[in-house]
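Listing of run-v2.csv, CSV, C-alpha atoms
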```csv
chain,number,residue,atom,x,y,z
A,1,MET,CA,-49.6,-253.4,-174.3
A,2,PHE,CA,-46.5,-251.7,-173.1
A,3,ASN,CA,-43.8,-251.6,-175.8
A,4,PHE,CA,-40.4,-251.3,-174.1
A,5,GLU,CA,-38.6,-250.6,-177.4
A,6,GLN,CA,-40.8,-247.6,-178.2
A,7,PHE,CA,-40.5,-246.3,-174.7
A,8,SER,CA,-36.7,-246.6,-174.9
A,9,HIS,CA,-36.7,-244.5,-178.1
A,10,PHE,CA,-39.0,-241.9,-176.5
A,11,TRP,CA,-36.8,-241.8,-173.4
A,12,VAL,CA,-33.6,-241.3,-175.4
A,13,TYR,CA,-35.3,-238.3,-177.2
A,14,LEU,CA,-36.7,-236.9,-174.0
A,15,ALA,CA,-33.4,-237.2,-172.1
A,16,ALA,CA,-31.6,-235.2,-174.7
A,17,SER,CA,-33.9,-232.2,-174.5
A,18,PRO,CA,-34.9,-229.7,-171.7
A,19,LEU,CA,-38.4,-231.3,-171.9
A,20,LEU,CA,-37.2,-234.0,-169.5
A,21,GLY,CA,-37.2,-231.7,-166.4
A,22,LEU,CA,-40.6,-230.3,-167.3
A,23,THR,CA,-42.1,-233.7,-168.0
A,24,LEU,CA,-40.6,-235.1,-164.8
A,25,THR,CA,-42.0,-232.3,-162.7
A,26,LEU,CA,-45.5,-232.6,-164.1
A,27,CYS,CA,-45.5,-236.4,-163.8
A,28,ALA,CA,-44.3,-236.2,-160.2
A,29,TYR,CA,-46.9,-233.7,-159.3
A,30,LEU,CA,-49.7,-235.7,-161.0
A,31,ALA,CA,-48.6,-238.8,-159.2
A,32,ALA,CA,-48.4,-236.9,-155.9
A,33,GLN,CA,-51.9,-235.5,-156.4
A,34,TRP,CA,-53.2,-239.0,-157.1
A,35,VAL,CA,-51.7,-240.3,-153.9
A,36,TYR,CA,-53.1,-237.2,-152.1
A,37,ALA,CA,-56.6,-238.0,-153.4
A,38,ARG,CA,-56.4,-241.7,-152.6
A,39,CYS,CA,-55.5,-240.7,-149.0
A,40,GLY,CA,-58.7,-238.7,-148.8
A,41,PHE,CA,-56.8,-235.4,-149.1
A,42,SER,CA,-55.2,-236.0,-145.7
A,43,PRO,CA,-52.6,-233.2,-144.9
A,44,LEU,CA,-50.2,-236.0,-144.0
A,45,ALA,CA,-50.0,-237.0,-147.7
A,46,ASN,CA,-48.8,-233.5,-148.7
A,47,PRO,CA,-48.4,-233.5,-152.5
A,48,VAL,CA,-45.4,-231.1,-152.4
A,49,ALA,CA,-43.5,-233.5,-150.1
A,50,ILE,CA,-44.4,-236.5,-152.2
A,51,ALA,CA,-43.4,-234.8,-155.5
A,52,ILE,CA,-40.1,-233.7,-154.1
A,53,ALA,CA,-39.4,-237.3,-153.0
A,54,ILE,CA,-40.3,-238.7,-156.4
A,55,ILE,CA,-38.1,-236.2,-158.2
A,56,ALA,CA,-35.2,-236.7,-155.8
A,57,ILE,CA,-35.4,-240.5,-156.3
A,58,VAL,CA,-35.4,-240.2,-160.1
A,59,LEU,CA,-32.4,-237.9,-160.1
A,60,VAL,CA,-30.4,-240.2,-157.8
A,61,VAL,CA,-31.3,-243.4,-159.6
A,62,SER,CA,-30.7,-241.9,-163.1
A,63,GLY,CA,-27.6,-240.0,-162.2
A,64,MET,CA,-29.1,-236.8,-163.6
A,65,SER,CA,-27.6,-233.5,-162.3
A,66,TYR,CA,-29.8,-230.9,-160.7
A,67,GLN,CA,-28.6,-228.4,-163.3
A,68,ARG,CA,-29.7,-230.5,-166.1
A,69,TYR,CA,-33.1,-231.2,-164.5
A,70,PHE,CA,-33.7,-227.5,-163.8
A,71,ALA,CA,-32.9,-226.6,-167.5
A,72,GLY,CA,-36.4,-227.9,-168.2
A,73,ALA,CA,-38.1,-227.3,-164.9
A,74,GLN,CA,-37.3,-223.6,-165.1
A,75,PHE,CA,-40.5,-223.1,-167.1
A,76,VAL,CA,-42.5,-224.1,-164.0
A,77,HIS,CA,-40.2,-222.0,-161.9
A,78,PHE,CA,-41.0,-219.0,-164.1
A,79,LEU,CA,-44.7,-219.4,-163.5
A,80,LEU,CA,-44.3,-219.0,-159.7
A,81,GLY,CA,-44.2,-215.2,-160.2
A,82,PRO,CA,-47.6,-214.9,-162.1
A,83,ALA,CA,-49.1,-217.5,-159.7
A,84,THR,CA,-48.1,-215.4,-156.7
A,85,VAL,CA,-49.5,-212.2,-158.3
A,86,ALA,CA,-52.8,-214.1,-159.0
A,87,LEU,CA,-53.3,-214.4,-155.3
A,88,ALA,CA,-54.4,-210.8,-155.4
A,89,VAL,CA,-57.7,-211.8,-157.0
A,90,PRO,CA,-59.3,-213.7,-154.1
A,91,LEU,CA,-57.7,-211.2,-151.7
A,92,ALA,CA,-59.4,-208.3,-153.4
A,93,ARG,CA,-62.8,-210.0,-152.8
A,94,GLN,CA,-62.1,-209.9,-149.1
A,95,VAL,CA,-61.2,-206.2,-148.9
A,96,PRO,CA,-64.3,-205.1,-147.0
A,97,ARG,CA,-63.6,-207.7,-144.3
A,98,LEU,CA,-59.9,-206.8,-144.2
A,99,ARG,CA,-60.8,-203.2,-143.5
A,100,ARG,CA,-63.0,-204.1,-140.6
A,101,ASN,CA,-60.3,-206.3,-139.0
A,102,LEU,CA,-57.3,-204.2,-139.8
A,103,VAL,CA,-56.1,-203.8,-136.2
A,104,PRO,CA,-56.4,-207.5,-135.3
A,105,LEU,CA,-54.7,-208.5,-138.5
A,106,ALA,CA,-51.8,-206.1,-138.0
A,107,CYS,CA,-51.3,-207.4,-134.4
A,108,ALA,CA,-51.4,-211.0,-135.6
A,109,LEU,CA,-49.0,-210.4,-138.4
A,110,VAL,CA,-46.4,-208.6,-136.3
A,111,SER,CA,-46.7,-211.3,-133.5
A,112,GLY,CA,-46.4,-214.1,-136.0
A,113,SER,CA,-43.5,-212.7,-137.9
A,114,VAL,CA,-41.5,-211.8,-134.8
A,115,THR,CA,-42.3,-215.2,-133.1
A,116,ALA,CA,-41.1,-217.1,-136.2
A,117,ILE,CA,-37.8,-215.3,-136.2
A,118,VAL,CA,-37.2,-215.4,-132.4
A,119,SER,CA,-38.2,-219.0,-132.0
A,120,ALA,CA,-36.0,-220.2,-134.9
A,121,VAL,CA,-33.0,-218.2,-133.6
A,122,GLY,CA,-33.6,-219.2,-130.0
A,123,VAL,CA,-34.1,-222.9,-130.5
A,124,THR,CA,-31.1,-223.4,-132.9
A,125,ALA,CA,-28.8,-221.3,-130.8
A,126,MET,CA,-29.7,-223.2,-127.6
A,127,LEU,CA,-29.1,-226.5,-129.4
A,128,GLY,CA,-25.5,-225.3,-130.2
A,129,ALA,CA,-25.9,-224.5,-133.9
A,130,SER,CA,-23.3,-222.4,-135.6
A,131,PRO,CA,-24.0,-218.7,-136.1
A,132,GLU,CA,-24.1,-219.4,-139.9
A,133,LEU,CA,-26.8,-222.0,-139.4
A,134,VAL,CA,-28.8,-219.7,-137.1
A,135,ARG,CA,-28.7,-216.9,-139.6
A,136,SER,CA,-29.8,-219.3,-142.4
A,137,ILE,CA,-32.8,-220.6,-140.5
A,138,ALA,CA,-34.0,-217.2,-139.1
A,139,PRO,CA,-36.1,-216.1,-142.2
A,140,LYS,CA,-37.5,-219.7,-142.7
A,141,SER,CA,-41.2,-218.5,-142.6
A,142,ALA,CA,-40.8,-216.0,-145.4
A,143,THR,CA,-41.4,-217.0,-149.0
A,144,THR,CA,-38.3,-218.5,-150.6
A,145,PRO,CA,-36.9,-215.5,-152.7
A,146,ILE,CA,-37.2,-213.1,-149.8
A,147,ALA,CA,-35.9,-215.6,-147.3
A,148,MET,CA,-32.8,-216.3,-149.4
A,149,ALA,CA,-32.1,-212.6,-149.9
A,150,VAL,CA,-32.4,-212.0,-146.1
A,151,SER,CA,-30.2,-215.0,-145.3
A,152,GLU,CA,-27.5,-213.7,-147.7
A,153,HIS,CA,-27.7,-210.3,-146.1
A,154,LEU,CA,-27.3,-211.8,-142.6
A,155,GLY,CA,-24.4,-213.9,-143.6
A,156,GLY,CA,-26.2,-217.2,-143.8
A,157,VAL,CA,-26.3,-219.8,-146.6
A,158,PRO,CA,-29.1,-219.0,-149.1
A,159,ALA,CA,-29.2,-222.5,-150.5
A,160,LEU,CA,-29.6,-224.0,-147.0
A,161,THR,CA,-32.3,-221.4,-146.3
A,162,ALA,CA,-34.2,-222.5,-149.4
A,163,VAL,CA,-34.3,-226.0,-148.1
A,164,LEU,CA,-35.4,-224.9,-144.6
A,165,VAL,CA,-38.1,-222.7,-146.1
A,166,ILE,CA,-39.6,-225.7,-148.0
A,167,LEU,CA,-39.4,-227.9,-145.0
A,168,THR,CA,-41.1,-225.2,-142.9
A,169,GLY,CA,-43.9,-225.0,-145.5
A,170,ILE,CA,-44.4,-228.7,-145.7
A,171,CYS,CA,-44.5,-229.1,-141.9
A,172,GLY,CA,-47.0,-226.2,-141.5
A,173,ALA,CA,-49.3,-227.6,-144.2
A,174,VAL,CA,-49.2,-231.1,-142.7
A,175,THR,CA,-49.6,-230.2,-139.0
A,176,ALA,CA,-51.8,-227.0,-139.2
A,177,LYS,CA,-55.2,-228.8,-139.3
A,178,PHE,CA,-54.4,-230.8,-136.2
A,179,LEU,CA,-53.1,-227.8,-134.3
A,180,PHE,CA,-56.1,-225.7,-135.2
A,181,ASN,CA,-58.5,-228.4,-134.1
A,182,ALA,CA,-56.6,-229.0,-130.9
A,183,MET,CA,-56.8,-225.2,-130.1
A,184,ARG,CA,-60.4,-225.1,-131.3
A,185,ILE,CA,-59.8,-222.4,-133.9
A,186,GLU,CA,-62.6,-222.6,-136.4
A,187,SER,CA,-62.4,-219.2,-138.2
A,188,HIS,CA,-61.2,-219.6,-141.8
A,189,ALA,CA,-59.7,-216.1,-141.6
A,190,ALA,CA,-57.6,-216.9,-138.6
A,191,ARG,CA,-56.5,-220.3,-140.0
A,192,GLY,CA,-55.6,-218.8,-143.3
A,193,LEU,CA,-53.6,-215.9,-141.9
A,194,ALA,CA,-51.7,-218.2,-139.6
A,195,LEU,CA,-50.9,-220.6,-142.4
A,196,GLY,CA,-49.7,-217.8,-144.7
A,197,VAL,CA,-47.5,-216.2,-142.0
A,198,ALA,CA,-46.0,-219.5,-140.8
A,199,SER,CA,-45.9,-221.6,-143.9
A,200,HIS,CA,-45.7,-219.1,-146.9
A,201,GLY,CA,-46.7,-220.5,-150.3
A,202,ILE,CA,-47.1,-224.2,-149.4
A,203,GLY,CA,-49.3,-223.3,-146.5
A,204,THR,CA,-51.3,-220.9,-148.8
A,205,ALA,CA,-51.8,-223.6,-151.3
A,206,ARG,CA,-53.2,-225.9,-148.6
A,207,ALA,CA,-55.5,-223.1,-147.4
A,208,PHE,CA,-56.9,-222.6,-150.9
A,209,GLN,CA,-57.8,-226.3,-150.9
A,210,VAL,CA,-60.1,-225.7,-147.9
A,211,SER,CA,-61.8,-222.5,-149.0
A,212,ALA,CA,-61.3,-219.3,-151.0
A,213,GLU,CA,-61.6,-217.2,-147.8
A,214,MET,CA,-58.9,-219.1,-146.0
A,215,GLY,CA,-56.7,-218.9,-149.1
A,216,ALA,CA,-57.2,-215.2,-149.4
A,217,TYR,CA,-56.1,-214.6,-145.8
A,218,ALA,CA,-53.2,-217.0,-146.3
A,219,GLY,CA,-52.1,-215.0,-149.3
A,220,LEU,CA,-52.3,-211.8,-147.3
A,221,GLY,CA,-50.3,-213.3,-144.5
A,222,MET,CA,-47.6,-214.7,-146.8
A,223,GLY,CA,-47.1,-211.5,-148.7
A,224,LEU,CA,-47.0,-209.2,-145.7
A,225,ASN,CA,-44.9,-211.5,-143.6
A,226,GLY,CA,-42.3,-211.6,-146.4
A,227,VAL,CA,-42.1,-207.8,-146.4
A,228,LEU,CA,-42.0,-207.6,-142.6
A,229,THR,CA,-39.3,-210.3,-142.3
A,230,ALA,CA,-37.2,-208.4,-144.8
A,231,LEU,CA,-37.6,-205.3,-142.7
A,232,ILE,CA,-37.1,-206.6,-139.1
A,233,ALA,CA,-34.8,-209.7,-139.6
A,234,PRO,CA,-31.6,-207.7,-140.5
A,235,TRP,CA,-31.6,-205.9,-137.1
A,236,LEU,CA,-33.5,-208.4,-134.9
A,237,VAL,CA,-31.3,-211.4,-135.7
A,238,PRO,CA,-27.9,-209.7,-134.9
A,239,LEU,CA,-29.5,-208.3,-131.7
A,240,LEU,CA,-30.7,-211.8,-130.6
A,241,LEU,CA,-27.3,-213.3,-131.4
A,242,GLY,CA,-25.5,-210.6,-129.5
A,243,TRP,CA,-27.7,-211.1,-126.5
A,244,MET,CA,-27.0,-214.9,-126.7
A,245,GLY,CA,-23.3,-214.3,-127.0
A,246,LYS,CA,-23.1,-215.8,-130.5
```

In C-alpha cells, how does this file's structure come out?
Amino acid sequence: MFNFEQFSHFWVYLAASPLLGLTLTLCAYLAAQWVYARCGFSPLANPVAIAIAIIAIVLVVSGMSYQRYFAGAQFVHFLLGPATVALAVPLARQVPRLRRNLVPLACALVSGSVTAIVSAVGVTAMLGASPELVRSIAPKSATTPIAMAVSEHLGGVPALTAVLVILTGICGAVTAKFLFNAMRIESHAARGLALGVASHGIGTARAFQVSAEMGAYAGLGMGLNGVLTALIAPWLVPLLLGWMGK
C-alpha cells in the first residue's frame, strides 16, 4: 500500500540532491516509452515529445528552476557524446553499400542540406520574421551543438535555435513515415538518410527503431549534414538575406 509519509521523506531527500534531475529524466522517459508502446509504437506518440512535456509540467508545478534540474540531468547530457560516437558501429557494417552508392548519397546530402537552409530562411523571411529569428532557424536541421554554434556565428539566438532543432527533430520523426508512404519510398537506406539529414538525432533514433540499416544511414546523414551545415550556412544565409533585402 502506498505510504505517503515514507514518500514525503524520500522526496525531501531527493529534492535536496542532484539525483532529482536524473531521476525525473529517467522516470519521464520510461513513462513516455510506456505510452509509446501502448500506442503500438505510433510515430504520433513520439517518446521524446512526451518526455519533454512531462518534465516541463513537473518543473512548472513544482516551481523548480531549470538550472537546478539540469544539475542532475547533466549526467544524461554527458552520455550524448558517447551515444553519438556509438553510431559509427552500425555505420561501419554498411561501408560496402556506402561505397557503391557514394555519388547518389553525396547528391542527396547536398540537396537535403541546402534545401533545409533555403526553405527555413525563405519561409520565415516571407512571413515577416526578424533577421535574428531567421538566422536562428537557418541551421535547424543540424544536430544541436553544431546548430547552436552556427546560429551564434550568424548572429542568431543559440537558445532559440536549440528549441527549434528539437521541434524539427520531433516533427520529422512524427511525420516521416506518412510522408514516405505517401511518396511510396520503400528503401530503408533512402528513408534513413532523409531522416538523418532532416531530423538529426531524434530522427536517427526513430530510424533505429525500424531497422539497423535505416539507423546506419540516418546516422550518416546526421553527421555529414552537421558538417555540411557548418560549412555552407555562414555564407549561404547572409547571401539569401541580402537577396531578400533583410

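Summary of the local environment: counting only C-alpha atoms, residues at most 10 Å from Val174 of chain A, other than itself and those fewer than 6 positions away along its chain, are Ser42, Pro43, Leu44, Ala45, Asn46, Ala49, Ile202, Gly203 and Arg206 of chain A.
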
Put those residues in a file: C-alpha atoms, as a PDB file, in the coordinates of the input.
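Writing the result to out-v3.pdb gives the following:
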```
ATOM      1  CA  SER A  42     -55.200-236.000-145.700  1.00  0.00           C
ATOM      2  CA  PRO A  43     -52.600-233.200-144.900  1.00  0.00           C
ATOM      3  CA  LEU A  44     -50.200-236.000-144.000  1.00  0.00           C
ATOM      4  CA  ALA A  45     -50.000-237.000-147.700  1.00  0.00           C
ATOM      5  CA  ASN A  46     -48.800-233.500-148.700  1.00  0.00           C
ATOM      6  CA  ALA A  49     -43.500-233.500-150.100  1.00  0.00           C
ATOM      7  CA  ILE A 202     -47.100-224.200-149.400  1.00  0.00           C
ATOM      8  CA  GLY A 203     -49.300-223.300-146.500  1.00  0.00           C
ATOM      9  CA  ARG A 206     -53.200-225.900-148.600  1.00  0.00           C
TER      10      ARG A 206
END
```

Please determine, counting only C-alpha atoms, which residue among A:Met183, A:Leu26, A:Leu241, A:Val76 has the shortest atom-to-atom distance to Val134 of chain A.
A:Leu241

Closest contacts (segment 93-211 of chain A/segment 233-236 of chain A, max 9 Å, only C-alpha atoms) as a Markdown table:
```
| residue | atom | partner | partner_atom | distance |
| --- | --- | --- | --- | --- |
| A:Val114 | CA | A:Ala233 | CA | 8.5 |
| A:Ile117 | CA | A:Ala233 | CA | 7.2 |
| A:Val118 | CA | A:Leu236 | CA | 8.3 |
| A:Ala138 | CA | A:Ala233 | CA | 7.6 |
| A:Pro139 | CA | A:Ala233 | CA | 7.0 |
| A:Val150 | CA | A:Pro234 | CA | 7.1 |
| A:Ser151 | CA | A:Pro234 | CA | 8.8 |
| A:His153 | CA | A:Pro234 | CA | 7.3 |
| A:Leu154 | CA | A:Pro234 | CA | 6.3 |
```

Dump of C-alpha atoms for the selected residues, as an mmCIF file, keeping the file's coordinate frame:
```
data_model
loop_
_atom_site.group_PDB
_atom_site.id
_atom_site.type_symbol
_atom_site.label_atom_id
_atom_site.label_comp_id
_atom_site.auth_asym_id
_atom_site.auth_seq_id
_atom_site.Cartn_x
_atom_site.Cartn_y
_atom_site.Cartn_z
ATOM 1 C CA VAL A 114 -41.500 -211.800 -134.800
ATOM 2 C CA ILE A 117 -37.800 -215.300 -136.200
ATOM 3 C CA VAL A 118 -37.200 -215.400 -132.400
ATOM 4 C CA ALA A 138 -34.000 -217.200 -139.100
ATOM 5 C CA PRO A 139 -36.100 -216.100 -142.200
ATOM 6 C CA VAL A 150 -32.400 -212.000 -146.100
ATOM 7 C CA SER A 151 -30.200 -215.000 -145.300
ATOM 8 C CA HIS A 153 -27.700 -210.300 -146.100
ATOM 9 C CA LEU A 154 -27.300 -211.800 -142.600
#
```

Taking only C-alpha atoms into account, which of A:Pro238, A:Gly196, A:Gly201, A:Gly40 comes nearest Gly112 of chain A?
A:Gly196

Which residue of A:Ala173, A:Leu195, A:Val163, A:Met126 approaches Met244 of chain A most closely, using all atoms listed in the file:
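Smallest distance to Met244 of chain A is found for A:Met126.
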
Rounded to one decimal in Å, what is the spacing between atom CA of Ala56 of chain A and atom CA of Phe78 of chain A?
20.4 Å

Please list as a list of chain:residue names every residue within 8 Å of segment 145-147 of chain A, counting only C-alpha atoms and excluding residues in the same chain fewer than 5 positions away.
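The contact residues come out as A:Pro139, A:Lys140, A:Pro158, A:Thr161, A:Ala162, A:Val165, A:Gly226, A:Val227, A:Ala230.
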
Go through A:Leu127, A:Val121, A:Leu105, A:Ala207 one by one, measure the shortest atom-to-atom distance of each to Gly242 of chain A using only C-alpha atoms, and give the residue with the smallest value.
A:Val121

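Distance annotation: of A:Val157, A:Ala216, A:Leu240, A:Leu109, the residue with the minimal separation from Glu132 of chain A is A:Val157; atom set is only C-alpha atoms.
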
Which neighbours of Thr168 of chain A fall inside 8 Å, counting only C-alpha atoms, when residues of the same chain fewer than 4 positions from it are skipped, and could you give them as a list in words?
Lys140, Ser141, Leu164, Gly172, Ala198 and Ser199 of chain A

Quick one: of A:Thr115, A:Thr204, A:Ser130, A:Asn101, who's nearest to Arg191 of chain A, counting only C-alpha atoms?
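Answer, going by the shortest atom-to-atom distance: A:Thr204.
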
Pull the neighbourhood of (-48.7, -232.2, -154.3) for me: all residues within 6 Å in file coordinates, counting all atoms listed in the file, as an NGL selection string.
:A and (29 or 32-33 or 46-48)

Figure out the distance between atom CA of Ala205 of chain A and atom CA of Met148 of chain A, please, to one decimal in Å.
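For atom CA of Met148 of chain A relative to atom CA of Ala205 of chain A, the distance reads 20.4 Å.
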
Would you mind putting back N, CA, C and O atoms on segment 150-162 of chain A, then writing it out as a PDB file, keeping the file's coordinate frame?
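Okay, this is what ended up in selection_23.pdb:
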```
ATOM      1  N   VAL A 150     -32.664-212.345-147.516  1.00  0.00           N
ATOM      2  CA  VAL A 150     -32.400-212.000-146.100  1.00  0.00           C
ATOM      3  C   VAL A 150     -31.285-212.795-145.543  1.00  0.00           C
ATOM      4  O   VAL A 150     -30.417-212.272-144.836  1.00  0.00           O
ATOM      5  N   SER A 151     -31.269-214.092-145.836  1.00  0.00           N
ATOM      6  CA  SER A 151     -30.200-215.000-145.300  1.00  0.00           C
ATOM      7  C   SER A 151     -28.843-214.528-145.837  1.00  0.00           C
ATOM      8  O   SER A 151     -27.872-214.484-145.064  1.00  0.00           O
ATOM      9  N   GLU A 152     -28.759-214.183-147.104  1.00  0.00           N
ATOM     10  CA  GLU A 152     -27.500-213.700-147.700  1.00  0.00           C
ATOM     11  C   GLU A 152     -27.036-212.425-146.991  1.00  0.00           C
ATOM     12  O   GLU A 152     -25.854-212.241-146.685  1.00  0.00           O
ATOM     13  N   HIS A 153     -27.979-211.526-146.739  1.00  0.00           N
ATOM     14  CA  HIS A 153     -27.700-210.300-146.100  1.00  0.00           C
ATOM     15  C   HIS A 153     -27.164-210.486-144.644  1.00  0.00           C
ATOM     16  O   HIS A 153     -26.261-209.786-144.164  1.00  0.00           O
ATOM     17  N   LEU A 154     -27.724-211.501-143.970  1.00  0.00           N
ATOM     18  CA  LEU A 154     -27.300-211.800-142.600  1.00  0.00           C
ATOM     19  C   LEU A 154     -26.032-212.558-142.484  1.00  0.00           C
ATOM     20  O   LEU A 154     -25.457-212.660-141.400  1.00  0.00           O
ATOM     21  N   GLY A 155     -25.574-213.118-143.600  1.00  0.00           N
ATOM     22  CA  GLY A 155     -24.400-213.900-143.600  1.00  0.00           C
ATOM     23  C   GLY A 155     -24.647-215.417-143.479  1.00  0.00           C
ATOM     24  O   GLY A 155     -23.768-216.204-143.111  1.00  0.00           O
ATOM     25  N   GLY A 156     -25.874-215.812-143.817  1.00  0.00           N
ATOM     26  CA  GLY A 156     -26.200-217.200-143.800  1.00  0.00           C
ATOM     27  C   GLY A 156     -25.938-217.863-145.171  1.00  0.00           C
ATOM     28  O   GLY A 156     -25.254-217.282-146.020  1.00  0.00           O
ATOM     29  N   VAL A 157     -26.471-219.074-145.363  1.00  0.00           N
ATOM     30  CA  VAL A 157     -26.300-219.800-146.600  1.00  0.00           C
ATOM     31  C   VAL A 157     -27.626-219.847-147.352  1.00  0.00           C
ATOM     32  O   VAL A 157     -28.533-220.575-146.931  1.00  0.00           O
ATOM     33  N   PRO A 158     -27.794-219.061-148.422  1.00  0.00           N
ATOM     34  CA  PRO A 158     -29.100-219.000-149.100  1.00  0.00           C
ATOM     35  C   PRO A 158     -29.627-220.350-149.571  1.00  0.00           C
ATOM     36  O   PRO A 158     -30.836-220.604-149.475  1.00  0.00           O
ATOM     37  N   ALA A 159     -28.744-221.229-150.067  1.00  0.00           N
ATOM     38  CA  ALA A 159     -29.200-222.500-150.500  1.00  0.00           C
ATOM     39  C   ALA A 159     -29.779-223.354-149.379  1.00  0.00           C
ATOM     40  O   ALA A 159     -30.809-224.026-149.525  1.00  0.00           O
ATOM     41  N   LEU A 160     -29.129-223.284-148.222  1.00  0.00           N
ATOM     42  CA  LEU A 160     -29.600-224.000-147.000  1.00  0.00           C
ATOM     43  C   LEU A 160     -30.958-223.367-146.587  1.00  0.00           C
ATOM     44  O   LEU A 160     -31.880-224.080-146.179  1.00  0.00           O
ATOM     45  N   THR A 161     -31.044-222.050-146.672  1.00  0.00           N
ATOM     46  CA  THR A 161     -32.300-221.400-146.300  1.00  0.00           C
ATOM     47  C   THR A 161     -33.439-221.827-147.176  1.00  0.00           C
ATOM     48  O   THR A 161     -34.554-222.038-146.682  1.00  0.00           O
ATOM     49  N   ALA A 162     -33.194-222.000-148.467  1.00  0.00           N
ATOM     50  CA  ALA A 162     -34.200-222.500-149.400  1.00  0.00           C
ATOM     51  C   ALA A 162     -34.791-223.816-148.960  1.00  0.00           C
ATOM     52  O   ALA A 162     -36.000-224.045-148.964  1.00  0.00           O
TER      53      ALA A 162
END
```
